[in-house]
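Each remark here refers to the structure printed beneath this line.
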Amino acid sequence: MALYTNDSKERVRDAVDMVDLVSSRTELKRAGVNRLTGLCPFHEERTPSFGINPAEKVYHCFGCQASGDAFTFVMETEGVDFKSALELLADRYKVTLELEDEDPGAAEQRQQRDRLLELLERTTTFYVRQLWESREAAKARAYLQERGLEQATLREFRVGYAPSAWNTVLNASRRAGFKDRAIYDAGLSQKSQKSGRTFDRFRSQIIFPLADSRGRVRGFAGRTMGGPDDRRPKYVNSPESDLFHKRSQLFAADLARAPAAKAGSVVAAEGYTDVIAMHQAGVRNSVAIMGTAMTEEQLAGLARLAPVMRLALDADSAGQEAMMRTARLAKDRRIAIEVVPLVAGEDPADLLRRAGSEELVRRIDDAVPFIRFSVSRAIETGDLGDARGKDEILDRIGIVWNLVPPGAERDELVRTISNRLDLRPDLVAGELERRSQSPQPGPTSPSPVAGGSAPRAATALDRRERTERAFLGYCIALPHLGVPALDELDLDADLSSPVIRRAAAHLRAHLDAPTEGLPEHDPELSGLVAELAVRATGLTASPVAFEIERLQLALARLDRDITAARRSGDEVAELATRRAQTQSQIDLALDRAMRQERS
């Protein structure tokens, strides 16, 4: 894969207007000379805990601990990887990206790939024109209208129609200068095994373009419009290729990306028209998994879109099985699975036609965690009248019980089941534990979702770490004091964690520009430095405040040294004297600070 030059990346970084970029996601208000604050775009909150340092072009939320620069902001809010974030920012701020020198073979492959993407884009435009302008597509237009889909929405999704002729796309692509091999590689043609004749892959079909997260068409899904004698399957997809992989495809991910990031959730349905109808109804954070068989690649893509996935699948047996598979895939991963309650045999598009958008939105808002949905459904559809019926209910719940980690939620569920089945809680807990030990189908030890974007728990920092972060923040705010103070530090003895030590070591060399020179492959360090740079803009940057934090750091080390000496039986008198002296210095500094504040 082609890489962009470091100079290109730095030119994009320099061109970004951090206030403009972040303001597209949350309203910012000035809170100091070089600090703006607002409601965090990554988690729900009523009191602003999110801030940016526009000079250093970094952000940090003191509520959910989200930190980063312009690139990570786009990656998180848009659900894309670094390369895509770089390209999006370059496009937004009109920066031309330059590629690193490629070997001839790699350059040729990239050019061929770009050529195929161009062909798919041209074909998409052709199919759209056919849907709205050809007489042959009247049946397709009527079908889409019966599904309640409006022309404006269909055009937004670039839905089209493939004519019935055997070689329409083939000939049009040839006239545009594309070779037969390129047309085949793009998945637009196929060859007869009997006659060897080449013909269009999609014919007499409604065409749904399948795009990646940046909106680039990678393939198509065609819904057959033939008569009852047409033996073709209802849906035909582009073949697997270097460009198109159905296992990783999410229909409408490009359109749902920004709304899902803003909402903090993504709604997953089965079919194309379900999702188009939901977008038309205002549920813009919805995508289709194109069937019921959720794959690990699709789950990874959903996790990049939002930390919460709401399954709007049919409540029939296939839908139930899909929910179960999805929950197993998601076990131990950083994504929460919720279920949108639908009537068996009814998909979201059906619900919209029957009850309207308000009812659909209500159902989505009423989505419940998968395990609670499974428990409620097992009880509501089971027989509570005799012991055998209760055993069957426990069997059904036992299938999903190992998806519930030990803790308060499991105890609460045990009480709920116990009350509904009129059984002792200890009996219910024991039976569910026993029944959950039976071998279950599906993956048992999934790996973490690569690149998953998930809600960050706001971890409570201990007093020592708060002191260390405050000290480093003051070093940034007052670099003329920070430089000698950092040089005097014993990183291993004075600081508590590897990442804080790395931050102090980085600041020793970059205190005048903290966010420069950060290693590319240490996101933990980049996040902490971003936090410190934002924290520094909110400090009362006075020498006495700096001295207090420096002394607090020294006091914390003395406390640790005294504890270690006592454990080893060593003398602590000298350490205790130094501690008393340091505490006295802190008290005097606090007194000076209070006098300065009053004056």
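For the structure tokens, the naming scheme is as follows: chains receive sequential letters (A, B, ...) according to their order of presentation, residues are indexed from 1 within each chain, and ligands are indexed from 1 in presentation order.
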
Quiz item: Which neighbours of segment 551-568 of chain A fall inside 7 Å, counting only C-alpha atoms, when residues of the same chain fewer than 4 positions from it are skipped, and could you give them as a PyMOL selection string?
Solution: chain A and resi 464+467-468+494+547+572+575+579+582+586

Quiz item: Got a sec to tell me which of segment 170-322 of chain A DSSP assigns to strand (DSSP E or B), as a PyMOL selection string?
Solution: chain A and resi 189-191+198-200+205-211+217-224+235-237+251+265-269+286-288+308-311

Self-check item: Computed interatomic separation between atom CA of Val22 of chain A and atom CA of Val266 of chain A (Å)
Solution: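 Atom-to-atom, atom CA of Val22 of chain A to atom CA of Val266 of chain A, that is 21.4 Å.
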
Quiz item: Could you pull the residues within 8 Å of Ala182 of chain A, counting only C-alpha atoms, minus those fewer than 4 positions along the same chain, as a PyMOL selection string?
Solution: chain A and resi 116+178+186

Quiz item: Would you give me, as a PyMOL selection string, the residues in segment 404-560 of chain A that DSSP reads as helix (DSSP H, G or I)?
Solution: chain A and resi 408-421+425-435+463-477+479-488+491-494+498-510+523-537+543-560

Would you put the residues from that selection into a file with C-alpha atoms, as a tab-separated table (two decimals), in the first residue's frame?
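In the end it all went to selection_22.tsv:
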```tsv
chain	number	residue	atom	x	y	z
A	408	ALA	CA	-23.84	-6.88	39.98
A	409	GLU	CA	-25.58	-7.41	36.64
A	410	ARG	CA	-25.42	-11.20	36.98
A	411	ASP	CA	-26.77	-11.04	40.55
A	412	GLU	CA	-29.61	-8.77	39.45
A	413	LEU	CA	-30.52	-11.13	36.61
A	414	VAL	CA	-30.54	-14.08	39.00
A	415	ARG	CA	-33.03	-12.24	41.22
A	416	THR	CA	-35.21	-11.36	38.22
A	417	ILE	CA	-35.27	-14.95	36.94
A	418	SER	CA	-35.85	-16.27	40.46
A	419	ASN	CA	-38.87	-14.02	40.93
A	420	ARG	CA	-40.39	-14.80	37.54
A	421	LEU	CA	-39.90	-18.59	37.86
A	425	PRO	CA	-32.02	-17.56	43.87
A	426	ASP	CA	-29.29	-20.03	44.88
A	427	LEU	CA	-30.99	-22.76	42.84
A	428	VAL	CA	-31.29	-20.49	39.79
A	429	ALA	CA	-27.66	-19.38	40.06
A	430	GLY	CA	-26.40	-22.93	40.40
A	431	GLU	CA	-28.50	-24.31	37.55
A	432	LEU	CA	-27.54	-21.52	35.17
A	433	GLU	CA	-23.87	-21.97	36.02
A	434	ARG	CA	-24.13	-25.70	35.37
A	435	ARG	CA	-26.08	-25.34	32.14
A	463	ARG	CA	-3.27	10.91	44.42
A	464	ARG	CA	0.28	10.15	43.31
A	465	GLU	CA	-0.59	10.10	39.61
A	466	ARG	CA	-2.70	13.27	39.91
A	467	THR	CA	0.31	15.01	41.49
A	468	GLU	CA	2.65	13.84	38.73
A	469	ARG	CA	0.31	14.95	35.94
A	470	ALA	CA	-0.25	18.32	37.59
A	471	PHE	CA	3.52	18.81	37.88
A	472	LEU	CA	4.12	18.00	34.20
A	473	GLY	CA	1.26	20.32	33.24
A	474	TYR	CA	2.94	23.15	35.15
A	475	CYS	CA	6.24	22.35	33.40
A	476	ILE	CA	4.49	23.02	30.07
A	477	ALA	CA	2.77	26.15	31.38
A	479	PRO	CA	8.84	26.13	30.70
A	480	HIS	CA	11.53	28.40	32.19
A	481	LEU	CA	10.89	26.63	35.51
A	482	GLY	CA	10.03	23.28	33.97
A	483	VAL	CA	13.33	22.75	32.15
A	484	PRO	CA	15.57	22.66	35.27
A	485	ALA	CA	12.92	20.83	37.30
A	486	LEU	CA	12.64	18.05	34.69
A	487	ASP	CA	16.42	17.76	34.47
A	488	GLU	CA	16.59	17.18	38.24
A	491	LEU	CA	12.41	9.35	36.32
A	492	ASP	CA	12.35	5.84	37.82
A	493	ALA	CA	12.18	6.93	41.45
A	494	ASP	CA	10.05	10.08	41.18
A	498	PRO	CA	6.05	3.88	32.43
A	499	VAL	CA	3.88	6.23	30.35
A	500	ILE	CA	4.39	9.15	32.78
A	501	ARG	CA	8.13	8.50	32.71
A	502	ARG	CA	8.06	8.50	28.90
A	503	ALA	CA	6.10	11.76	28.97
A	504	ALA	CA	8.67	13.40	31.27
A	505	ALA	CA	11.53	12.17	29.09
A	506	HIS	CA	9.77	13.52	25.99
A	507	LEU	CA	9.13	16.90	27.62
A	508	ARG	CA	12.80	17.25	28.57
A	509	ALA	CA	13.55	17.57	24.87
A	510	HIS	CA	10.30	19.18	23.62
A	523	PRO	CA	-0.69	6.29	21.22
A	524	GLU	CA	-0.65	6.07	25.02
A	525	LEU	CA	2.14	8.65	25.20
A	526	SER	CA	0.51	10.86	22.54
A	527	GLY	CA	-2.75	10.83	24.46
A	528	LEU	CA	-1.07	11.75	27.75
A	529	VAL	CA	0.92	14.60	26.18
A	530	ALA	CA	-2.28	15.91	24.58
A	531	GLU	CA	-3.96	15.81	27.98
A	532	LEU	CA	-1.04	17.66	29.61
A	533	ALA	CA	-1.00	20.32	26.88
A	534	VAL	CA	-4.74	20.96	27.37
A	535	ARG	CA	-4.37	20.80	31.16
A	536	ALA	CA	-1.59	23.43	31.02
A	537	THR	CA	-3.89	25.96	29.33
A	543	PRO	CA	5.83	30.34	40.13
A	544	VAL	CA	4.40	29.66	43.58
A	545	ALA	CA	1.82	27.22	42.16
A	546	PHE	CA	4.61	25.49	40.26
A	547	GLU	CA	6.68	25.26	43.46
A	548	ILE	CA	3.77	23.67	45.32
A	549	GLU	CA	3.43	20.92	42.70
A	550	ARG	CA	7.20	20.32	42.64
A	551	LEU	CA	7.23	19.96	46.43
A	552	GLN	CA	4.19	17.66	46.37
A	553	LEU	CA	6.12	15.41	44.01
A	554	ALA	CA	9.10	15.37	46.39
A	555	LEU	CA	6.81	14.67	49.35
A	556	ALA	CA	5.25	11.69	47.58
A	557	ARG	CA	8.70	10.20	46.95
A	558	LEU	CA	9.69	10.67	50.59
A	559	ASP	CA	6.50	8.88	51.69
A	560	ARG	CA	7.38	5.94	49.46
```

Quiz item: Restricting the calculation to only C-alpha atoms, which member of A:Gly63, A:Ala344, A:Leu302, A:Arg424 is positioned closest to Val80 of chain A?
Solution: A:Leu302

Please provide as a compact mmCIF listing (two decimals) with all heavy atoms, in the first residue's frame all residues within 12 Å of Ser24 of chain A, with the sequence filter that same-chain residues fewer than 4 positions apart are discarded (counting only C-alpha atoms).
```
# COMPACT_ATOMS: atom_id res chain seq x y z
N ASP A 17 -7.05 23.79 11.10
CA ASP A 17 -7.56 24.76 12.07
C ASP A 17 -8.31 23.96 13.12
O ASP A 17 -9.42 23.50 12.88
CB ASP A 17 -8.48 25.75 11.36
CG ASP A 17 -9.04 26.81 12.31
OD1 ASP A 17 -9.12 26.55 13.52
OD2 ASP A 17 -9.43 27.89 11.83
N MET A 18 -7.69 23.79 14.29
CA MET A 18 -8.27 22.89 15.30
C MET A 18 -9.62 23.39 15.79
O MET A 18 -10.52 22.58 16.05
CB MET A 18 -7.30 22.75 16.47
CG MET A 18 -7.58 21.54 17.35
SD MET A 18 -7.31 19.98 16.47
CE MET A 18 -7.64 18.79 17.78
N VAL A 19 -9.78 24.69 15.91
CA VAL A 19 -11.07 25.22 16.35
C VAL A 19 -12.15 24.92 15.32
O VAL A 19 -13.26 24.49 15.65
CB VAL A 19 -10.97 26.74 16.61
CG1 VAL A 19 -12.33 27.30 17.01
CG2 VAL A 19 -9.94 27.03 17.68
N ASP A 20 -11.83 25.13 14.05
CA ASP A 20 -12.78 24.84 12.98
C ASP A 20 -13.13 23.36 12.95
O ASP A 20 -14.31 22.99 12.82
CB ASP A 20 -12.17 25.27 11.64
CG ASP A 20 -12.92 24.72 10.45
OD1 ASP A 20 -14.06 25.16 10.22
OD2 ASP A 20 -12.38 23.84 9.74
N LEU A 28 -17.82 25.23 21.00
CA LEU A 28 -16.70 25.57 21.85
C LEU A 28 -16.84 26.99 22.38
O LEU A 28 -17.32 27.89 21.68
CB LEU A 28 -15.37 25.45 21.07
CG LEU A 28 -14.99 24.05 20.61
CD1 LEU A 28 -13.78 24.12 19.70
CD2 LEU A 28 -14.70 23.14 21.81
N GLY A 38 -15.91 22.69 25.76
CA GLY A 38 -17.25 22.38 25.26
C GLY A 38 -17.67 21.01 25.75
O GLY A 38 -16.92 20.31 26.45
N PRO A 41 -17.63 15.38 22.54
CA PRO A 41 -18.32 14.69 21.45
C PRO A 41 -18.23 13.17 21.53
O PRO A 41 -18.82 12.47 20.71
CB PRO A 41 -17.58 15.20 20.20
CG PRO A 41 -16.21 15.52 20.69
CD PRO A 41 -16.37 16.00 22.11
N PHE A 73 -8.66 12.81 16.26
CA PHE A 73 -10.02 13.34 16.36
C PHE A 73 -10.87 12.87 15.17
O PHE A 73 -12.01 12.42 15.34
CB PHE A 73 -9.99 14.86 16.41
CG PHE A 73 -11.33 15.49 16.68
CD1 PHE A 73 -11.81 15.60 17.97
CD2 PHE A 73 -12.13 15.96 15.64
CE1 PHE A 73 -13.06 16.16 18.23
CE2 PHE A 73 -13.38 16.52 15.88
CZ PHE A 73 -13.84 16.62 17.18
N VAL A 74 -10.30 12.94 13.98
CA VAL A 74 -11.03 12.48 12.79
C VAL A 74 -11.19 10.97 12.82
O VAL A 74 -12.26 10.44 12.45
CB VAL A 74 -10.30 12.93 11.51
CG1 VAL A 74 -10.94 12.32 10.27
CG2 VAL A 74 -10.33 14.45 11.40
N THR A 77 -14.08 10.36 15.41
CA THR A 77 -15.40 10.87 15.07
C THR A 77 -15.91 10.33 13.75
O THR A 77 -17.12 10.20 13.55
CB THR A 77 -15.41 12.41 15.01
OG1 THR A 77 -14.41 12.87 14.09
CG2 THR A 77 -15.13 13.01 16.38
N GLU A 78 -15.00 10.00 12.83
CA GLU A 78 -15.42 9.51 11.52
C GLU A 78 -15.32 8.00 11.40
O GLU A 78 -15.78 7.43 10.42
CB GLU A 78 -14.57 10.16 10.41
CG GLU A 78 -14.66 11.68 10.36
CD GLU A 78 -16.00 12.16 9.81
OE1 GLU A 78 -16.79 11.31 9.34
OE2 GLU A 78 -16.27 13.37 9.85
N ALA A 258 -20.51 9.52 10.28
CA ALA A 258 -20.56 10.72 11.14
C ALA A 258 -21.75 10.70 12.09
O ALA A 258 -21.59 10.98 13.29
CB ALA A 258 -20.57 11.98 10.27
N LYS A 262 -21.53 10.68 16.29
CA LYS A 262 -22.21 11.70 17.10
C LYS A 262 -23.19 11.07 18.08
O LYS A 262 -23.28 11.48 19.24
CB LYS A 262 -22.93 12.68 16.19
CG LYS A 262 -23.57 13.85 16.92
CD LYS A 262 -24.17 14.86 15.96
CE LYS A 262 -24.77 16.05 16.71
NZ LYS A 262 -25.34 17.05 15.77
```

Quiz item: Which polymer residues have any atom within 8 Å of an atom of segment 311-315 of chain A, counting only C-alpha atoms, with same-chain residues fewer than 3 positions away left out, as number ranges by chain?
Solution: A: 267-270, 292, 318-320, 323, 337-348, 364

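Atom to atom, atom CA of Ser357 of chain A and atom CA of Thr153 of chain A stand 15.0 Å apart.
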
Quiz prompt | Interatomic distance (Å, one decimal) between atom CA of Arg174 of chain A and atom CA of Leu120 of chain A | solution = 13.3 Å

Self-check item: All residues 12 Å or closer to segment 126-135 of chain A, only C-alpha atoms, same chain fewer than 5 positions away omitted, as a PyMOL selection string
Solution: chain A and resi 119-121+140-144+151-152+154-164+168-170+172-173+188+202-209+220-222

Self-check item: Among listed residues A:Asp200, A:Glu98, A:Glu76, A:Asp212, nearest Leu117 of chain A (using only C-alpha atoms)
Solution: A:Asp212

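Proximity ranking of A:Ala176, A:Leu21, A:Leu394, A:Leu36 relative to His60 of chain A places A:Leu36 first, based on only C-alpha atoms.
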
Self-check item: Proximity to Gly148 of chain A - best of A:Ala513, A:Leu403, A:Ile276, A:Val12, only C-alpha atoms
Solution: A:Ile276

Quiz item: Pick from A:Phe370, A:Tyr59, A:Tyr272, A:Phe199: nearest to Thr515 of chain A, with only C-alpha atoms counted?
Solution: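 Smallest separation from Thr515 of chain A among the options: A:Tyr59.
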